[in-house]
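Worksheet: the structure to be examined is printed underneath.
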Amino acid sequence: MAKMNMSANAEKMFPENNISVDEIRSGIEKALSLSEKLGASEAEIVFSIGESTSIQFKKDIIETAKKSTGAGYGIRAVVNGAVGFAGTNLMSDLENTLRTAVDSAKVMEADPLFKSFPEKDSYKEVAGLFDDKIVEMSLDECIECATDMISGVKSVENMIPTSGGFSRSVSYFMIANTNGLFAQRKGTAVSGFADVTTESGEVSTAYDYGVSRKKELDFSAIGKNAAELAKKSLKGTTIGAEKMPVIFHPFSFADILENTLAPSVDADNIQKERSGLVGRLGDEIANDELSITDDGTLAGGISSGSFDDEGTPTQKTSVIENGILKSYLYDSYTAGKDNVKSTGNGYRYSYSSAPGVDLSNFIIHFPQSDVIAETKRGIYINTVIGAHTANEISGDFSVEGRNAFLIENGEISKPIKSVMISGNIFDMLQKIDGAGKDVRSVGGIVTPSIRISEMSVIGE
């Protein structure tokens with residue numbers, strides 16, 4: 001692997017912390033050499049530093065505006081087949097933290113299923129993950145992005161913001177282990193969200209959200225879109241209990257997927273038999289026009305990177321291909337248990353946590369068209385509440401649809417006051433029969449609006 005010219009960039013990214021990447025790397029290499037003397041057969045050290053700016057507002061007032069930086073080390077050590085972990089945010093405490101990880105491993109039982117940390121590898125650069133303009137943003141510029149959202153909301157008559165926020169993040173990550181692996185990466189992101197409501201009279205609420213690796217979001221549009229949706233949701237009608245086509249906006253479909261299908265393809269859940277897809281590889285589980293890929297190499301992807309948090313190169317994994325279940329998602333530990341190669345899905349919540357399986361960019365592919373115009377009668381759901389209560393094993397869920405609309409003769413006709421939708425994700429995958437052209441990135445899930453041919457719908 002060619003050495004990445006990161007030192008100057010990282011120091012420029014975090015000038016107030018006097019960080020020297022060369023010194024950090026030197027300290028990590030020294031600690032890894034010490035690990036063998038302490039009795040570890042393998043050791044892994046990650047270093048992470050991140051700077052964030054957070055602006056929060058309530059109504060039309062900026063409530064908080066703060067900039068913060070966090071940095072630290074996470075260490076895993078293997079002794080006699082047992083894996084110990086320790087973390088610290090004290091830059092001078094690396095060797096003591098290493099000793100803690102080794103001592104922890106010494107008192108733990110051996111894990112016969114643990115194989116090894118990843119080996120040294122090469123990495124391909126992923127485009128669009130870093131923007132100098134985000135690094136250079138001042139606090140005043142960040143506040144201006146938040147006030148733009150407020151202005152966007154107030155540009156719609158009788159609508160006011162209830163809450164919202166802007167965030168900016170700059171991050172740097174380094175990992176090295178005793179198998180010769182060394183990798184480093186950097187990233188930036190900005191995001192904004194706005195919750196809105198009516199100023200008086202009938203209550204109607206809505207929200208909008210946006211996120212990007214580059215300084216390219218229209219924050220005024222985020223506020224305006226939320227306000228216009230809330231306004232369109234006024235004077236809702238009621239519907240009875242029936243079965244009909246349902247079109248899910250990317251927000252609502254992503255929420256359901258995250259709480260049903262995503263856990264089902266996690267290899268850890270498969271191995272612990274906590275998934276409805278145990279033993280289903282090679283089976284047809286969805287409409288034959290549906291494909292889903294998990295792609296950590298997606299240019300500009302929110303969850304992209306040249307490697308995962310264990311140093312395994314990221315890749316494009318075909319999870320579902322033309323309706324057939326092709327693969328589960330693995331980190332190095334679960335891959336070792338199944339004697340397969342990691343898919344590069346080992347991620348950490350922070351330097352102070354051990355890695356586990358998680359999605360990268362979970363991308364939904366289905367032939368796109370004007371699904372609303374093609375729907376004679378149905379409902380359109382912008383967001384849902386309650387997806388987190390779904391049964392991860394069976395895939396059953398029951399949610400409340402918010403900002404829902406009746407579709408009649410190919411047009412959105414009337415808002416719906418209240419609607420409950422119940423279903424099963426594996427049944428839904430079979431019944432997908434349309435997708436819009438409005439692809440959105442919702443966290444790590446990239447999806448258009450999706451139409452399900454028939455679902456149980458219960459109105460007020």
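Chain identifiers are assigned as A, B, and so on, following the order in which chains appear in the structure tokens; residues are numbered from 1 within each chain, and ligands are numbered from 1 in order of appearance.
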**OP:** For segment 150-162 of chain A, list every protein, DNA or RNA residue within 8 Å, evaluated using only C-alpha atoms, and leave out those in the same chain fewer than 4 positions away; present the list as a list in words.
**Re:** Lys58, Lys59, Asp60, Ala146, Ala194, Asp195, Val196, Thr197, Thr198, Glu199, Ser200, Phe219, Ser220, Ala221, Ile222, Gly223, Lys224, Asn225, Ala226, Ala227, Glu228, Ala230 and Lys231 of chain A
Original post:
Looking at only C-alpha atoms, which of A:Asn287, A:Ser35, A:Ser233, A:Asn269 is the one that sits closest to Leu429 of chain A?
Top reply: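 Looking only at the distances to Leu429 of chain A, the closest residue turns out to be A:Asn287.
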Original post:
What does the distance between atom CA of Val203 of chain A and atom CA of Ser163 of chain A come to in Å, to one decimal place?
Top reply: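 A separation of 15.4 Å between them.
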**OP:** Determine, counting only C-alpha atoms, which protein, DNA and RNA residues have an atom within 8 Å of an atom of segment 333-345 of chain A; residues of the same chain fewer than 4 positions away are not included. Present the result as a PyMOL selection string.
**Re:** chain A and resi 113-116+267-268+271+296+307-308+312-315+317+329+356-360
Output C-alpha atoms for every residue in that selection, as a PDB file, in the first residue's frame.
```
ATOM      1  CA  LEU A 113     -14.306 -19.363  17.420  1.00  0.00           C
ATOM      2  CA  PHE A 114     -11.955 -16.362  17.208  1.00  0.00           C
ATOM      3  CA  LYS A 115      -9.571 -16.798  14.286  1.00  0.00           C
ATOM      4  CA  SER A 116      -7.423 -13.695  13.853  1.00  0.00           C
ATOM      5  CA  ALA A 267     -24.219 -12.614  10.258  1.00  0.00           C
ATOM      6  CA  ASP A 268     -24.065 -12.365  14.047  1.00  0.00           C
ATOM      7  CA  GLN A 271     -25.233 -17.444  13.732  1.00  0.00           C
ATOM      8  CA  GLY A 296     -18.877   0.584   1.241  1.00  0.00           C
ATOM      9  CA  PHE A 307     -11.788   0.080   4.709  1.00  0.00           C
ATOM     10  CA  ASP A 308     -14.036  -0.794   7.628  1.00  0.00           C
ATOM     11  CA  THR A 312     -10.746  -4.895   6.004  1.00  0.00           C
ATOM     12  CA  PRO A 313     -11.152  -3.360   2.523  1.00  0.00           C
ATOM     13  CA  THR A 314     -14.733  -2.351   1.853  1.00  0.00           C
ATOM     14  CA  GLN A 315     -16.555  -3.874  -1.091  1.00  0.00           C
ATOM     15  CA  THR A 317     -21.740  -7.019  -1.581  1.00  0.00           C
ATOM     16  CA  LEU A 329     -22.976  -9.230   6.069  1.00  0.00           C
ATOM     17  CA  GLY A 356     -19.528  -5.502  15.315  1.00  0.00           C
ATOM     18  CA  VAL A 357     -21.503  -6.068  12.114  1.00  0.00           C
ATOM     19  CA  ASP A 358     -23.274  -3.056  10.630  1.00  0.00           C
ATOM     20  CA  LEU A 359     -24.497  -1.799   7.259  1.00  0.00           C
ATOM     21  CA  SER A 360     -22.415   0.438   5.050  1.00  0.00           C
TER      22      SER A 360
END
```
**OP:** Pick out the closest residue to Ser418 of chain A from this set: A:Arg168, A:Lys437, A:Lys235, A:Arg99. Count only C-alpha atoms.
**Re:** A:Lys235
Original post:
Which is closest to Glu242 of chain A among A:Val419, A:Val399, A:Ile445, A:Ile452, if we use only C-alpha atoms?
Top reply: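 Nearest candidate to Glu242 of chain A out of A:Val419, A:Val399, A:Ile445, A:Ile452: A:Val419.
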Residue neighbourhood Thr88 of chain A, 9 Å, only C-alpha atoms, exclusion window fewer than 5 positions, as a PDB file with N, CA, C and O atoms, in the first residue's frame:
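See selection-v1.pdb below for the written result:
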```pdb
ATOM      1  N   ALA A  71     -11.150  12.557  21.040  1.00  0.00           N
ATOM      2  CA  ALA A  71     -10.106  11.703  20.480  1.00  0.00           C
ATOM      3  C   ALA A  71      -9.775  10.604  21.469  1.00  0.00           C
ATOM      4  O   ALA A  71      -9.987  10.746  22.683  1.00  0.00           O
ATOM      5  N   GLY A  72      -9.263   9.490  20.954  1.00  0.00           N
ATOM      6  CA  GLY A  72      -8.881   8.419  21.860  1.00  0.00           C
ATOM      7  C   GLY A  72      -8.400   7.180  21.133  1.00  0.00           C
ATOM      8  O   GLY A  72      -8.399   7.112  19.903  1.00  0.00           O
ATOM      9  N   TYR A  73      -7.995   6.212  21.935  1.00  0.00           N
ATOM     10  CA  TYR A  73      -7.496   4.932  21.443  1.00  0.00           C
ATOM     11  C   TYR A  73      -8.425   3.797  21.870  1.00  0.00           C
ATOM     12  O   TYR A  73      -8.983   3.820  22.976  1.00  0.00           O
ATOM     13  N   GLY A  74      -8.561   2.800  21.008  1.00  0.00           N
ATOM     14  CA  GLY A  74      -9.225   1.549  21.353  1.00  0.00           C
ATOM     15  C   GLY A  74      -8.263   0.411  21.084  1.00  0.00           C
ATOM     16  O   GLY A  74      -7.614   0.386  20.028  1.00  0.00           O
ATOM     17  N   ILE A  75      -8.123  -0.508  22.031  1.00  0.00           N
ATOM     18  CA  ILE A  75      -7.129  -1.578  21.896  1.00  0.00           C
ATOM     19  C   ILE A  75      -7.777  -2.938  22.127  1.00  0.00           C
ATOM     20  O   ILE A  75      -8.515  -3.131  23.103  1.00  0.00           O
ATOM     21  N   ASP A  93      -1.814   7.892  27.722  1.00  0.00           N
ATOM     22  CA  ASP A  93      -2.072   6.662  28.472  1.00  0.00           C
ATOM     23  C   ASP A  93      -2.131   5.424  27.584  1.00  0.00           C
ATOM     24  O   ASP A  93      -2.721   4.423  27.961  1.00  0.00           O
ATOM     25  N   LEU A  94      -1.514   5.484  26.413  1.00  0.00           N
ATOM     26  CA  LEU A  94      -1.634   4.385  25.461  1.00  0.00           C
ATOM     27  C   LEU A  94      -1.062   3.078  26.014  1.00  0.00           C
ATOM     28  O   LEU A  94      -1.716   2.032  25.956  1.00  0.00           O
ATOM     29  N   THR A  97      -3.167   1.578  28.759  1.00  0.00           N
ATOM     30  CA  THR A  97      -4.402   1.023  28.205  1.00  0.00           C
ATOM     31  C   THR A  97      -4.127  -0.323  27.539  1.00  0.00           C
ATOM     32  O   THR A  97      -4.936  -1.254  27.636  1.00  0.00           O
ATOM     33  N   TYR A 351     -14.210   4.868  19.195  1.00  0.00           N
ATOM     34  CA  TYR A 351     -12.946   4.192  19.514  1.00  0.00           C
ATOM     35  C   TYR A 351     -13.045   3.377  20.786  1.00  0.00           C
ATOM     36  O   TYR A 351     -12.286   2.427  20.991  1.00  0.00           O
ATOM     37  N   SER A 352     -13.982   3.724  21.665  1.00  0.00           N
ATOM     38  CA  SER A 352     -14.098   3.065  22.968  1.00  0.00           C
ATOM     39  C   SER A 352     -14.991   1.837  22.942  1.00  0.00           C
ATOM     40  O   SER A 352     -15.359   1.304  23.984  1.00  0.00           O
TER      41      SER A 352
END
```
**OP:** Considering only C-alpha atoms, return as a ChimeraX atom specification whatever protein or nucleic-acid residues lie within 8 Å of Ile324 of chain A, sequence-local ones (same chain, fewer than 2 positions apart) excluded.
**Re:** /A:281-286,288,320-322,326
Original post:
Counting only C-alpha atoms, which of A:Leu325, A:Val384, A:Ile407, A:Leu32 gets nearest to Met244 of chain A?
Top reply: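 Closest candidate: A:Ile407.
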